[in-house]
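**Student:** Quick one: the structure is below, and I'll ask about it shortly.
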Amino acid sequence: MKRGLFITFEGGEGVGKSTQIRLLRDRLVTLGHDVVVTREPGGSDGGEAVRHVLLSGAAEPFGVAMEVMLFAAARNDHVEEVIRPGLERGAMVLCDRFMDSSRVYQGATGGLEPAFVANIERIAIDHVQPDCTLILDLDAATGLSRAQTRAGGAADRFEKEDVAVHEARRQAYLMIAATEPERCVVIDAAGGADQVAAAIWRAVEPLLGEVRHG
Ligand code: TYD
């Protein structure tokens, strides 16, 4: 049996990750699980310190290689300070974005070589691989308009890119899911929150039997 369970949520802008993380957390807590909810970039003191530099666009003039290394630095701190300790004590760790966001945003649509991104990923995660990655899939135009409504019109560094880039990211996520079907589950995010939550539960419930707590 494994200790804890590491579940990552991925997808483009406005696909409903935070709502779904909240719903899954509530369900797991009701069942008596120890649940850690966290996010990237951020999730630890070091990660949060780097988050603002990335999302404000302050690192953008220095290029995408700089950005991917900052995401990785934040990720490594987050892994060592929050995710690995959580898993070691048997918690369910639910993380809003993780390594696949770097593969998609900095790799597929940022133009970095996959081998370069993979090398940095290996150092950042140091064997802490998600047990399950839920890829919330939604057409890019719908996701973007949802994200813009939520932000009240103020788009961050990555949201401001156009719909073609967002659609390319969606395709890159689907490609990751096709390449790693044992880790990834594609969830249709077009339905209502309850419908999406039910699909997520169908993916997660079978994994609970494999987990040892404490
Ligand atoms: P956030 O406000 O957390 O947005 P979201 O609700 O979309 O998750 O912003 C995170 C942004 O950072 C998002 O646009 C994706 C981007 N990002 C990367 O480009 N690479 C990464 O490795 C990560 C973790 C996030």
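Residues are named by chain letter and number: chains run A, B, ... in the order of the structure tokens, numbers start at 1 in each chain, and ligands are numbered from 1 in the order shown.
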List the neighbours of Val79 of chain A out to 8 Å using only C-alpha atoms; skip same-chain residues closer than 4 positions along the sequence, and give me the result as a PyMOL selection string.
**Tutor:** chain A and resi 75+83-84+124-125+128
**Student:** Write to file, as a PDB file, in the first residue's frame, the residues of the selection just made, with N, CA and C atoms.
**Tutor:**
```pdb
ATOM      1  N   ARG A  75       8.364  25.119  -7.438  1.00  0.00           N
ATOM      2  CA  ARG A  75       7.842  23.734  -7.328  1.00  0.00           C
ATOM      3  C   ARG A  75       8.683  22.902  -6.375  1.00  0.00           C
ATOM      4  N   ILE A  83       4.287  19.045  -0.072  1.00  0.00           N
ATOM      5  CA  ILE A  83       3.707  17.852  -0.711  1.00  0.00           C
ATOM      6  C   ILE A  83       4.313  16.574  -0.144  1.00  0.00           C
ATOM      7  N   ARG A  84       5.645  16.464  -0.137  1.00  0.00           N
ATOM      8  CA  ARG A  84       6.264  15.228   0.368  1.00  0.00           C
ATOM      9  C   ARG A  84       5.912  14.999   1.855  1.00  0.00           C
ATOM     10  N   ALA A 124      12.993  19.420 -10.208  1.00  0.00           N
ATOM     11  CA  ALA A 124      11.982  20.110  -9.382  1.00  0.00           C
ATOM     12  C   ALA A 124      11.177  19.125  -8.545  1.00  0.00           C
ATOM     13  N   ILE A 125      10.761  18.002  -9.135  1.00  0.00           N
ATOM     14  CA  ILE A 125       9.826  17.121  -8.409  1.00  0.00           C
ATOM     15  C   ILE A 125      10.553  16.040  -7.616  1.00  0.00           C
ATOM     16  N   VAL A 128       8.626  12.926  -6.767  1.00  0.00           N
ATOM     17  CA  VAL A 128       7.266  13.078  -6.225  1.00  0.00           C
ATOM     18  C   VAL A 128       6.308  13.265  -7.426  1.00  0.00           C
TER      19      VAL A 128
END
```
**Student:** Can I get the residues close to ligand 1 as number ranges by chain, where close means within 7 Å and we count only C-alpha atoms and all ligand atoms?
**Tutor:** A: 12-14, 17, 40-41, 55, 68, 71, 96-102, 105-106, 157-159
**Student:** Write the residues of the selection above to a file with C-alpha atoms, as a compact mmCIF listing (two decimals), in the first residue's frame.
**Tutor:**
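Dumped to again_13.txt:
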```
# COMPACT_ATOMS: atom_id res chain seq x y z
CA GLY A 12 -6.60 25.80 -19.18
CA GLU A 13 -7.98 29.01 -17.77
CA GLY A 14 -11.53 29.03 -16.40
CA LYS A 17 -10.32 23.69 -11.05
CA GLU A 40 1.11 26.27 -7.95
CA PRO A 41 2.90 28.50 -8.42
CA LEU A 55 2.09 36.16 -12.50
CA VAL A 68 10.38 27.78 -16.41
CA PHE A 71 8.34 27.79 -11.78
CA ASP A 96 -4.10 23.09 -8.33
CA ARG A 97 -1.56 22.78 -11.20
CA PHE A 98 1.79 20.99 -11.10
CA MET A 99 4.46 19.81 -13.54
CA ASP A 100 2.09 19.43 -16.52
CA SER A 101 1.45 23.19 -16.44
CA SER A 102 5.15 23.76 -17.17
CA TYR A 105 2.65 26.60 -20.89
CA GLN A 106 6.45 26.82 -21.11
CA ARG A 157 0.39 37.27 -17.52
CA PHE A 158 -0.90 33.98 -19.01
CA GLU A 159 -4.61 34.74 -19.34
```
**Student:** Between A:Ala140, A:Val29, A:Ile187, A:Ala74, which one has atoms that come closest to Ser44 of chain A, using only C-alpha atoms?
**Tutor:**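 Going through A:Ala140, A:Val29, A:Ile187, A:Ala74 one by one, the smallest distance to Ser44 of chain A is for A:Ala74.
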**Student:** Compare A:Thr179, A:Asn119, A:Thr149, A:Thr142 by their minimum atom-to-atom distance to Val163 of chain A, counting only C-alpha atoms, and give me the closest one.
**Tutor:**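 Answer, going by the shortest atom-to-atom distance: A:Thr142.
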**Student:** Pick out the residues sitting within 10 Å of Val15 of chain A, and hand them over as a PyMOL selection string; count only C-alpha atoms, and ignore anything fewer than 3 positions along from it in its own chain.
**Tutor:** chain A and resi 10-12+18-20+135-140+142-144+146-147+188-190
**Student:** Pick the closest to Asp34 of chain A from A:Leu112, A:Ala73, A:Ala197, A:Val211: which is it, counting only C-alpha atoms?
**Tutor:** A:Val211
**Student:** So, with only C-alpha atoms as the atoms that count, which of A:Leu208, A:Leu94, A:Leu174, A:Ala118 lies closest to Phe9 of chain A?
**Tutor:** A:Leu94
**Student:** For Gln148 of chain A, which of A:Leu23, A:Ala203, A:Lys160, A:Pro85 is the closest residue, counting only C-alpha atoms?
**Tutor:**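 Result for the nearest residue to Gln148 of chain A: A:Lys160.
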**Student:** According to DSSP computed on the backbone, where in segment 94-175 of chain A is there helix (DSSP H, G or I)? Give the residues as number ranges by chain.
**Tutor:** A: 99-108, 114-125, 140-151, 163-175
**Student:** Please run DSSP on the backbone and report, as a list in words, all residues within segment 18-203 of chain A that come out as strand (DSSP E).
**Tutor:**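 Here are the strand (DSSP E) residues of segment 18-203 of chain A: Val35, Val36, Val37, Thr38, Arg39, Met92, Val93, Leu94, Cys95, Asp96, Cys132, Thr133, Leu134, Ile135, Leu136, Asp137, Cys184, Val185, Val186, Ile187 and Asp188 of chain A.
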**Student:** So how many Å separate atom CA of Leu5 of chain A and atom CA of Arg27 of chain A, to one decimal?
**Tutor:** 14.8 Å
**Student:** Between atom CA of Ala108 of chain A and atom CA of Thr8 of chain A, what distance in Å does the model show, to one decimal?
**Tutor:**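 Between these atoms lies a distance of 19.0 Å.
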**Student:** So, counting only C-alpha atoms, which residue among A:Thr30, A:Asp45, A:Thr109, A:Glu210 is closest to His78 of chain A?
**Tutor:**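 Using only C-alpha atoms, His78 of chain A sits closest to A:Asp45.
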**Student:** Would you list the contacts of Gly107 of chain A as a PyMOL selection string, taking every protein, DNA or RNA residue within 9 Å and counting only C-alpha atoms, but skipping same-chain residues closer than 6 positions in sequence?
**Tutor:** chain A and resi 64+68+101+113-114+116-117
